[in-house]
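**Student:** Got a file for you: final.tsv, TSV, C-alpha atoms.
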```tsv
chain	number	residue	atom	x	y	z
A	1	MET	CA	0.00	0.00	0.00
A	2	VAL	CA	1.33	3.44	-0.94
A	3	THR	CA	1.56	5.82	2.01
A	4	SER	CA	0.58	9.48	1.77
A	5	ASP	CA	4.24	10.46	2.11
A	6	GLN	CA	5.24	8.15	-0.75
A	7	ARG	CA	2.44	9.57	-2.86
A	8	ARG	CA	3.60	13.13	-2.17
A	9	ARG	CA	7.14	12.21	-3.20
A	10	GLN	CA	5.86	10.55	-6.38
A	11	LEU	CA	3.78	13.61	-7.31
A	12	ALA	CA	6.70	15.93	-6.57
A	13	ARG	CA	9.00	13.85	-8.75
A	14	GLU	CA	6.52	13.78	-11.61
A	15	LYS	CA	6.05	17.54	-11.37
A	16	TYR	CA	9.81	18.06	-11.41
A	17	GLU	CA	10.24	15.87	-14.49
A	18	ARG	CA	7.55	17.86	-16.32
A	19	GLN	CA	9.33	21.09	-15.44
A	20	GLN	CA	12.66	19.78	-16.68
A	21	ARG	CA	11.12	18.73	-19.99
A	22	ARG	CA	9.58	22.17	-20.45
A	23	ARG	CA	12.84	23.88	-19.57
A	24	GLU	CA	14.86	21.70	-21.94
A	25	GLU	CA	12.38	22.33	-24.77
A	26	ALA	CA	12.65	26.07	-24.13
A	27	ARG	CA	16.46	25.90	-24.29
A	28	ARG	CA	16.35	24.05	-27.58
A	29	ARG	CA	13.95	26.58	-29.06
A	30	THR	CA	16.22	29.42	-27.95
A	31	ARG	CA	19.21	27.84	-29.68
A	32	ARG	CA	17.23	27.28	-32.88
A	33	LEU	CA	15.99	30.85	-32.83
A	34	THR	CA	19.50	32.22	-32.31
A	35	LEU	CA	20.74	30.32	-35.36
A	36	ALA	CA	17.74	31.44	-37.40
A	37	ILE	CA	18.25	35.09	-36.51
A	38	THR	CA	21.96	34.93	-37.34
A	39	SER	CA	21.26	33.38	-40.73
A	40	ALA	CA	18.50	35.87	-41.47
A	41	VAL	CA	20.99	38.74	-41.59
A	42	ALA	CA	22.36	37.44	-44.87
A	43	VAL	CA	19.04	36.67	-46.62
A	44	VAL	CA	16.31	38.69	-48.33
A	45	ALA	CA	13.81	40.85	-46.44
A	46	VAL	CA	10.96	38.41	-47.04
A	47	ILE	CA	12.80	35.64	-45.18
A	48	VAL	CA	13.80	38.06	-42.45
A	49	GLY	CA	10.13	38.91	-41.97
A	50	ALA	CA	9.16	35.26	-41.80
A	51	THR	CA	11.89	34.58	-39.28
A	52	TYR	CA	10.61	37.44	-37.14
A	53	LEU	CA	7.12	35.95	-37.07
A	54	ALA	CA	8.46	32.54	-36.12
A	55	THR	CA	10.56	34.11	-33.37
A	56	SER	CA	7.62	36.01	-31.92
A	57	GLY	CA	5.53	32.85	-31.69
A	58	ASP	CA	8.24	30.92	-29.89
A	59	ASP	CA	8.92	33.84	-27.52
A	60	ASP	CA	5.32	33.61	-26.29
A	61	LYS	CA	5.79	29.90	-25.62
A	62	ASP	CA	9.12	30.55	-23.90
A	63	LYS	CA	7.42	32.98	-21.51
A	64	THR	CA	4.85	30.29	-20.63
A	65	ASP	CA	7.61	27.73	-20.04
A	66	ALA	CA	9.61	30.19	-17.95
A	67	ALA	CA	6.60	30.88	-15.73
A	68	ALA	CA	5.97	27.16	-15.27
A	69	SER	CA	9.61	26.47	-14.38
A	70	GLN	CA	9.42	28.98	-11.52
A	71	SER	CA	6.77	26.93	-9.72
A	72	PRO	CA	7.98	25.30	-6.50
A	73	SER	CA	9.44	21.84	-7.00
A	74	ALA	CA	10.93	19.19	-4.75
A	75	GLU	CA	14.24	19.07	-6.52
A	76	ALA	CA	17.28	21.25	-6.88
A	77	SER	CA	16.66	23.73	-9.63
A	78	PRO	CA	18.69	23.35	-12.81
A	79	SER	CA	21.20	25.72	-14.33
A	80	PRO	CA	20.42	26.03	-18.04
A	81	THR	CA	23.31	27.04	-20.31
A	82	GLU	CA	22.60	29.82	-22.78
A	83	GLU	CA	25.90	29.78	-24.68
A	84	ALA	CA	27.94	26.92	-26.07
A	85	LYS	CA	31.37	27.78	-24.64
A	86	PRO	CA	34.02	25.15	-23.91
A	87	GLU	CA	34.70	24.27	-20.30
A	88	PRO	CA	37.95	25.66	-18.82
A	89	ALA	CA	41.20	23.96	-19.78
A	90	MET	CA	42.33	21.44	-17.17
A	91	LYS	CA	44.87	23.20	-14.93
A	92	ILE	CA	44.44	21.58	-11.53
A	93	ASP	CA	46.39	18.71	-10.02
A	94	LYS	CA	44.09	15.73	-10.56
A	95	LYS	CA	45.68	13.86	-7.67
A	96	ALA	CA	45.19	16.64	-5.13
A	97	LYS	CA	42.41	17.85	-2.87
A	98	TYR	CA	41.07	21.39	-2.89
A	99	THR	CA	39.11	23.37	-0.33
A	100	MET	CA	36.21	25.58	-1.40
A	101	SER	CA	35.56	28.38	1.08
A	102	LEU	CA	32.54	30.68	1.01
A	103	LYS	CA	32.43	33.86	3.04
A	104	THR	CA	28.72	34.53	3.49
A	105	SER	CA	26.45	36.85	5.42
A	106	GLN	CA	25.51	33.90	7.66
A	107	GLY	CA	29.06	32.72	8.34
A	108	ASP	CA	31.91	30.88	6.64
A	109	ILE	CA	31.08	27.64	4.81
A	110	ALA	CA	33.81	25.26	3.67
A	111	PHE	CA	34.29	21.78	2.25
A	112	THR	CA	36.94	19.71	0.50
A	113	MET	CA	36.84	18.52	-3.11
A	114	ASP	CA	38.75	15.42	-4.23
A	115	ALA	CA	40.08	16.13	-7.73
A	116	SER	CA	40.79	12.44	-8.33
A	117	LYS	CA	37.04	11.76	-8.18
A	118	THR	CA	35.65	14.98	-9.67
A	119	PRO	CA	38.41	16.55	-11.81
A	120	HIS	CA	36.11	18.48	-14.16
A	121	THR	CA	33.96	19.82	-11.33
A	122	THR	CA	36.96	20.82	-9.23
A	123	ASN	CA	38.74	22.42	-12.18
A	124	SER	CA	35.64	24.39	-13.15
A	125	PHE	CA	35.11	25.77	-9.65
A	126	LYS	CA	38.80	26.65	-9.36
A	127	SER	CA	38.67	28.51	-12.67
A	128	LEU	CA	35.46	30.39	-11.81
A	129	ALA	CA	36.62	31.24	-8.29
A	130	ASP	CA	39.89	32.67	-9.60
A	131	LYS	CA	37.83	34.96	-11.85
A	132	LYS	CA	35.69	36.04	-8.85
A	133	PHE	CA	32.63	34.64	-10.62
A	134	PHE	CA	30.79	33.92	-7.35
A	135	ASP	CA	31.76	37.06	-5.44
A	136	GLY	CA	28.71	39.23	-4.79
A	137	THR	CA	26.20	36.46	-5.59
A	138	LYS	CA	23.68	34.87	-3.26
A	139	CYS	CA	22.28	31.46	-2.42
A	140	HIS	CA	18.98	32.01	-4.16
A	141	ARG	CA	16.89	28.97	-3.33
A	142	LEU	CA	15.92	26.95	-0.27
A	143	THR	CA	13.73	23.85	-0.17
A	144	THR	CA	12.13	22.69	3.07
A	145	GLU	CA	9.80	19.88	2.03
A	146	ASN	CA	10.66	16.37	0.74
A	147	ILE	CA	14.22	17.48	0.02
A	148	PHE	CA	16.26	19.87	2.10
A	149	VAL	CA	18.82	21.89	0.19
A	150	LEU	CA	20.21	25.41	-0.13
A	151	GLN	CA	21.13	26.23	-3.71
A	152	CYS	CA	23.86	28.70	-4.70
A	153	GLY	CA	26.11	29.60	-7.63
A	154	ASP	CA	23.70	31.48	-9.89
A	155	PRO	CA	25.00	34.94	-10.92
A	156	LYS	CA	21.44	35.93	-11.92
A	157	GLY	CA	19.88	34.79	-8.66
A	158	ASP	CA	16.80	33.25	-10.30
A	159	SER	CA	17.91	29.67	-11.07
A	160	SER	CA	18.58	30.48	-14.74
A	161	GLY	CA	22.20	31.67	-14.63
A	162	GLY	CA	25.41	29.85	-15.36
A	163	PRO	CA	28.97	30.21	-16.69
A	164	GLY	CA	28.04	29.72	-20.36
A	165	TYR	CA	29.40	26.16	-20.55
A	166	THR	CA	28.59	22.74	-19.14
A	167	ILE	CA	30.70	20.09	-17.45
A	168	PRO	CA	30.30	16.29	-17.43
A	169	ASP	CA	28.66	14.41	-14.57
A	170	GLU	CA	31.12	12.72	-12.22
A	171	ASN	CA	31.20	10.45	-9.18
A	172	LEU	CA	27.54	9.43	-9.60
A	173	THR	CA	28.01	6.01	-7.99
A	174	ALA	CA	29.49	7.45	-4.80
A	175	LEU	CA	26.19	7.47	-2.90
A	176	GLY	CA	25.43	3.79	-3.44
A	177	LYS	CA	22.82	1.83	-5.34
A	178	ALA	CA	19.46	3.43	-6.10
A	179	ASP	CA	16.35	2.08	-4.38
A	180	SER	CA	13.23	0.75	-6.13
A	181	LYS	CA	12.11	4.32	-6.86
A	182	GLY	CA	15.43	5.22	-8.44
A	183	ASP	CA	16.63	7.36	-5.53
A	184	VAL	CA	19.71	7.46	-3.34
A	185	VAL	CA	20.19	9.34	-0.08
A	186	TYR	CA	22.16	12.56	-0.26
A	187	ARG	CA	23.28	12.76	3.36
A	188	ALA	CA	23.23	15.98	5.36
A	189	GLY	CA	26.44	17.85	4.60
A	190	THR	CA	26.68	16.70	0.98
A	191	VAL	CA	27.50	19.29	-1.67
A	192	ALA	CA	26.37	18.44	-5.21
A	193	MET	CA	25.91	19.98	-8.65
A	194	ALA	CA	22.56	21.21	-9.90
A	195	ASN	CA	21.70	20.53	-13.55
A	196	THR	CA	18.92	20.80	-16.14
A	197	GLY	CA	17.67	17.26	-15.58
A	198	GLN	CA	19.65	16.05	-18.58
A	199	PRO	CA	23.06	14.29	-18.42
A	200	HIS	CA	26.21	16.41	-18.39
A	201	THR	CA	24.51	19.79	-17.96
A	202	GLY	CA	26.11	21.06	-14.77
A	203	GLY	CA	27.27	24.68	-14.80
A	204	SER	CA	28.02	26.85	-11.79
A	205	GLN	CA	25.02	26.11	-9.57
A	206	PHE	CA	25.41	23.74	-6.65
A	207	PHE	CA	23.38	22.75	-3.62
A	208	LEU	CA	24.16	22.19	0.04
A	209	VAL	CA	22.18	19.40	1.70
A	210	TYR	CA	21.27	20.27	5.30
A	211	LYS	CA	19.09	17.22	6.03
A	212	ASP	CA	19.12	13.72	4.50
A	213	SER	CA	17.29	13.92	1.16
A	214	LYS	CA	16.30	11.31	-1.41
A	215	LEU	CA	17.13	12.24	-4.99
A	216	PRO	CA	18.02	10.41	-8.20
A	217	PRO	CA	21.78	9.69	-8.46
A	218	THR	CA	22.13	12.21	-11.30
A	219	TYR	CA	23.65	15.13	-9.39
A	220	THR	CA	27.45	15.07	-9.07
A	221	PRO	CA	28.38	14.86	-5.36
A	222	PHE	CA	31.71	16.65	-5.01
A	223	GLY	CA	32.13	17.66	-1.39
A	224	THR	CA	31.05	17.31	2.24
A	225	MET	CA	30.69	20.26	4.59
A	226	ASP	CA	32.41	20.26	7.94
A	227	GLU	CA	30.26	20.30	11.09
A	228	LYS	CA	30.46	24.06	11.58
A	229	SER	CA	29.44	24.74	7.99
A	230	LEU	CA	26.54	22.28	8.15
A	231	LYS	CA	25.16	24.01	11.26
A	232	ILE	CA	25.13	27.32	9.42
A	233	VAL	CA	23.10	25.84	6.56
A	234	GLU	CA	20.81	24.05	9.04
A	235	THR	CA	20.08	27.41	10.69
A	236	VAL	CA	19.17	28.89	7.31
A	237	GLY	CA	16.92	25.90	6.65
A	238	LYS	CA	15.14	26.18	10.00
A	239	ALA	CA	14.38	29.85	9.35
A	240	GLY	CA	12.43	28.80	6.28
A	241	VAL	CA	11.48	30.40	2.98
A	242	GLU	CA	10.35	33.97	2.41
A	243	GLY	CA	6.56	33.99	2.40
A	244	GLY	CA	6.35	30.70	4.25
A	245	GLY	CA	6.30	28.34	1.27
A	246	PRO	CA	8.33	25.13	0.91
A	247	ASP	CA	10.54	26.41	-1.93
A	248	GLY	CA	11.96	29.85	-2.67
A	249	ALA	CA	14.39	32.48	-1.48
A	250	PRO	CA	15.64	31.77	2.05
A	251	LYS	CA	14.27	34.03	4.78
A	252	LYS	CA	17.81	34.31	6.14
A	253	ALA	CA	19.62	35.78	3.13
A	254	VAL	CA	22.89	34.03	2.29
A	255	ASN	CA	25.03	36.53	0.37
A	256	ILE	CA	28.44	35.35	-0.84
A	257	SER	CA	31.02	38.10	-0.53
A	258	LYS	CA	33.93	35.89	-1.59
A	259	LEU	CA	34.42	32.30	-2.78
A	260	THR	CA	37.88	30.78	-3.08
A	261	VAL	CA	39.25	27.40	-4.11
A	262	ASP	CA	42.69	26.46	-2.81
A	263	LYS	CA	44.84	23.35	-3.01
A	264	VAL	CA	45.10	21.54	0.31
```
In structure tokens, what does this structure look like?

**Tutor:**
Amino acid sequence: MVTSDQRRRQLAREKYERQQRRREEARRRTRRLTLAITSAVAVVAVIVGATYLATSGDDDKDKTDAAASQSPSAEASPSPTEEAKPEPAMKIDKKAKYTMSLKTSQGDIAFTMDASKTPHTTNSFKSLADKKFFDGTKCHRLTTENIFVLQCGDPKGDSSGGPGYTIPDENLTALGKADSKGDVVYRAGTVAMANTGQPHTGGSQFFLVYKDSKLPPTYTPFGTMDEKSLKIVETVGKAGVEGGGPDGAPKKAVNISKLTVDKV
């Protein structure tokens, strides 16, 4: 017999999957439109006009998809990539460990990354941190029902921002074998990559798990917070979401003044 809690999880998962499909379709339309507009510059006015009409129609659909994707969900929000840039050249020591440190308005948060297990993820964060990509950003999303995560790393602050490139998934078997529902437990203290719901679509957004949460093993786990850092995120989680909902901006604002990545 399915319990009410299991049913809620199932409905949340189904809603999340629908949102990811809509978001992915919107991204594909945007790419097609960008190519169409670029090509239209070199063609006759009649084709330019037709392209404009096609663009306007898709823009209306994109607005609908964007509104739908902002609805509360039970999963970590994805980080869609708007530009097809290459990921940073590999410059880290793949055998070393690196510490990511966040100076935030709620206190310092830190964790260690093992480059031997997540070289692309570690290298990307090192590259972005050195460029001060995260400085002055905020942890824009908190979830307090079914899953319990604080999400950061979006320069836009609305779950849609990223570095303009994607990195491959890594270390996906680290959390063990999935259960009958396809989930594994992301233990409190885990730090993992957010993505679009499709393979290999991580960007700059990541989430901090402050209470054991069941999720599909499709989010790269790349660090574990120390006890002090976990308590800070737990405090943010206990304060809840602005407006009292289960998903949205945290009531206790977490502003990142500086993020660094250093070799241990």

**Student:** Show which residues sit within 12 Å of region 115-131 of chain A, as a VMD selection string. Count only C-alpha atoms, and ignore same-chain residues fewer than 6 positions away.

**Tutor:** chain A and resid 86 to 102 137 153 to 155 162 to 174 191 to 194 200 to 206 219 to 223 256 to 264

**Student:** Write the selection just made, keeping C-alpha atoms, as a PDB file, in the frame of the given file?

**Tutor:**
```pdb
ATOM      1  CA  PRO A  86      34.020  25.150 -23.910  1.00  0.00           C
ATOM      2  CA  GLU A  87      34.700  24.270 -20.300  1.00  0.00           C
ATOM      3  CA  PRO A  88      37.950  25.660 -18.820  1.00  0.00           C
ATOM      4  CA  ALA A  89      41.200  23.960 -19.780  1.00  0.00           C
ATOM      5  CA  MET A  90      42.330  21.440 -17.170  1.00  0.00           C
ATOM      6  CA  LYS A  91      44.870  23.200 -14.930  1.00  0.00           C
ATOM      7  CA  ILE A  92      44.440  21.580 -11.530  1.00  0.00           C
ATOM      8  CA  ASP A  93      46.390  18.710 -10.020  1.00  0.00           C
ATOM      9  CA  LYS A  94      44.090  15.730 -10.560  1.00  0.00           C
ATOM     10  CA  LYS A  95      45.680  13.860  -7.670  1.00  0.00           C
ATOM     11  CA  ALA A  96      45.190  16.640  -5.130  1.00  0.00           C
ATOM     12  CA  LYS A  97      42.410  17.850  -2.870  1.00  0.00           C
ATOM     13  CA  TYR A  98      41.070  21.390  -2.890  1.00  0.00           C
ATOM     14  CA  THR A  99      39.110  23.370  -0.330  1.00  0.00           C
ATOM     15  CA  MET A 100      36.210  25.580  -1.400  1.00  0.00           C
ATOM     16  CA  SER A 101      35.560  28.380   1.080  1.00  0.00           C
ATOM     17  CA  LEU A 102      32.540  30.680   1.010  1.00  0.00           C
ATOM     18  CA  THR A 137      26.200  36.460  -5.590  1.00  0.00           C
ATOM     19  CA  GLY A 153      26.110  29.600  -7.630  1.00  0.00           C
ATOM     20  CA  ASP A 154      23.700  31.480  -9.890  1.00  0.00           C
ATOM     21  CA  PRO A 155      25.000  34.940 -10.920  1.00  0.00           C
ATOM     22  CA  GLY A 162      25.410  29.850 -15.360  1.00  0.00           C
ATOM     23  CA  PRO A 163      28.970  30.210 -16.690  1.00  0.00           C
ATOM     24  CA  GLY A 164      28.040  29.720 -20.360  1.00  0.00           C
ATOM     25  CA  TYR A 165      29.400  26.160 -20.550  1.00  0.00           C
ATOM     26  CA  THR A 166      28.590  22.740 -19.140  1.00  0.00           C
ATOM     27  CA  ILE A 167      30.700  20.090 -17.450  1.00  0.00           C
ATOM     28  CA  PRO A 168      30.300  16.290 -17.430  1.00  0.00           C
ATOM     29  CA  ASP A 169      28.660  14.410 -14.570  1.00  0.00           C
ATOM     30  CA  GLU A 170      31.120  12.720 -12.220  1.00  0.00           C
ATOM     31  CA  ASN A 171      31.200  10.450  -9.180  1.00  0.00           C
ATOM     32  CA  LEU A 172      27.540   9.430  -9.600  1.00  0.00           C
ATOM     33  CA  THR A 173      28.010   6.010  -7.990  1.00  0.00           C
ATOM     34  CA  ALA A 174      29.490   7.450  -4.800  1.00  0.00           C
ATOM     35  CA  VAL A 191      27.500  19.290  -1.670  1.00  0.00           C
ATOM     36  CA  ALA A 192      26.370  18.440  -5.210  1.00  0.00           C
ATOM     37  CA  MET A 193      25.910  19.980  -8.650  1.00  0.00           C
ATOM     38  CA  ALA A 194      22.560  21.210  -9.900  1.00  0.00           C
ATOM     39  CA  HIS A 200      26.210  16.410 -18.390  1.00  0.00           C
ATOM     40  CA  THR A 201      24.510  19.790 -17.960  1.00  0.00           C
ATOM     41  CA  GLY A 202      26.110  21.060 -14.770  1.00  0.00           C
ATOM     42  CA  GLY A 203      27.270  24.680 -14.800  1.00  0.00           C
ATOM     43  CA  SER A 204      28.020  26.850 -11.790  1.00  0.00           C
ATOM     44  CA  GLN A 205      25.020  26.110  -9.570  1.00  0.00           C
ATOM     45  CA  PHE A 206      25.410  23.740  -6.650  1.00  0.00           C
ATOM     46  CA  TYR A 219      23.650  15.130  -9.390  1.00  0.00           C
ATOM     47  CA  THR A 220      27.450  15.070  -9.070  1.00  0.00           C
ATOM     48  CA  PRO A 221      28.380  14.860  -5.360  1.00  0.00           C
ATOM     49  CA  PHE A 222      31.710  16.650  -5.010  1.00  0.00           C
ATOM     50  CA  GLY A 223      32.130  17.660  -1.390  1.00  0.00           C
ATOM     51  CA  ILE A 256      28.440  35.350  -0.840  1.00  0.00           C
ATOM     52  CA  SER A 257      31.020  38.100  -0.530  1.00  0.00           C
ATOM     53  CA  LYS A 258      33.930  35.890  -1.590  1.00  0.00           C
ATOM     54  CA  LEU A 259      34.420  32.300  -2.780  1.00  0.00           C
ATOM     55  CA  THR A 260      37.880  30.780  -3.080  1.00  0.00           C
ATOM     56  CA  VAL A 261      39.250  27.400  -4.110  1.00  0.00           C
ATOM     57  CA  ASP A 262      42.690  26.460  -2.810  1.00  0.00           C
ATOM     58  CA  LYS A 263      44.840  23.350  -3.010  1.00  0.00           C
ATOM     59  CA  VAL A 264      45.100  21.540   0.310  1.00  0.00           C
TER      60      VAL A 264
END
```

**Student:** Could you please determine the separation between CA of Ser105 (chain A) and CA of Thr196 (chain A) in Å, to one decimal place?

**Tutor:**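 About the pair CA of Ser105 (chain A) and CA of Thr196 (chain A): they are 27.9 Å apart.
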
**Student:** Between A:Ala249, A:Ala110, A:Cys152, A:Ala84, single out the one closest to Asp135 (chain A), counting only C-alpha atoms.

**Tutor:**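 Comparing A:Ala249, A:Ala110, A:Cys152, A:Ala84 against Asp135 (chain A), the winner is A:Cys152.
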
**Student:** So that all listed atoms of region 198-212 of chain A fit with 8 Å spare on each side, what axis-aligned box centre and edge lengths in Å, to one decimal, would you give as JSON?

**Tutor:**
```
{"center_x": 23.6, "center_y": 20.3, "center_z": -6.3, "size_x": 24.9, "size_y": 29.1, "size_z": 40.6}
```

**Student:** Interatomic distance between CA of Lys251 (chain A) and CA of Met225 (chain A)?

**Tutor:**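 Those two atoms sit 21.4 Å apart.
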
**Student:** Skip Gly245 (chain A) itself and residues of its chain fewer than 3 positions away, then list as a PyMOL selection string all residues within 9 Å of it, counting only C-alpha atoms.

**Tutor:** chain A and resi 72+143-144+240-242+248

**Student:** Can you tell me which residues surround Val185 (chain A) at a distance of at most 8 Å, considering all atoms listed in the file, apart from same-chain residues fewer than 4 positions away, and format the answer as a ChimeraX atom specification?

**Tutor:** /A:175,212-215

**Student:** One number please: CA of Lys252 (chain A) to CA of Val236 (chain A), in Å, one decimal.

**Tutor:**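 It comes out at 5.7 Å.
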
**Student:** Between A:Ile147, A:Phe133, A:Arg141, A:Pro216, which residue has the minimum interatomic distance to Gly197 (chain A), considering all atoms listed in the file?

**Tutor:**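 Nearest to Gly197 (chain A): A:Pro216.
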
**Student:** Select, from A:Gly157, A:Phe207, A:Lys181, A:Pro246, the residue with the minimum atom-to-atom distance to Asn195 (chain A), counting all atoms listed in the file.

**Tutor:**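 Nearest to Asn195 (chain A): A:Phe207.
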
**Student:** Looking at A:Thr112, A:Gln198, A:Ser160, A:Thr218, which one is nearest to Asp183 (chain A), with distances taken over all atoms listed in the file?

**Tutor:** A:Thr218

**Student:** Which of these, A:Ala239, A:Met113, A:Ala178, A:Val209, has the shortest distance to Asn146 (chain A) once you count all atoms listed in the file?

**Tutor:**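 Of A:Ala239, A:Met113, A:Ala178, A:Val209, the one nearest Asn146 (chain A), counting all atoms listed in the file, is A:Val209.
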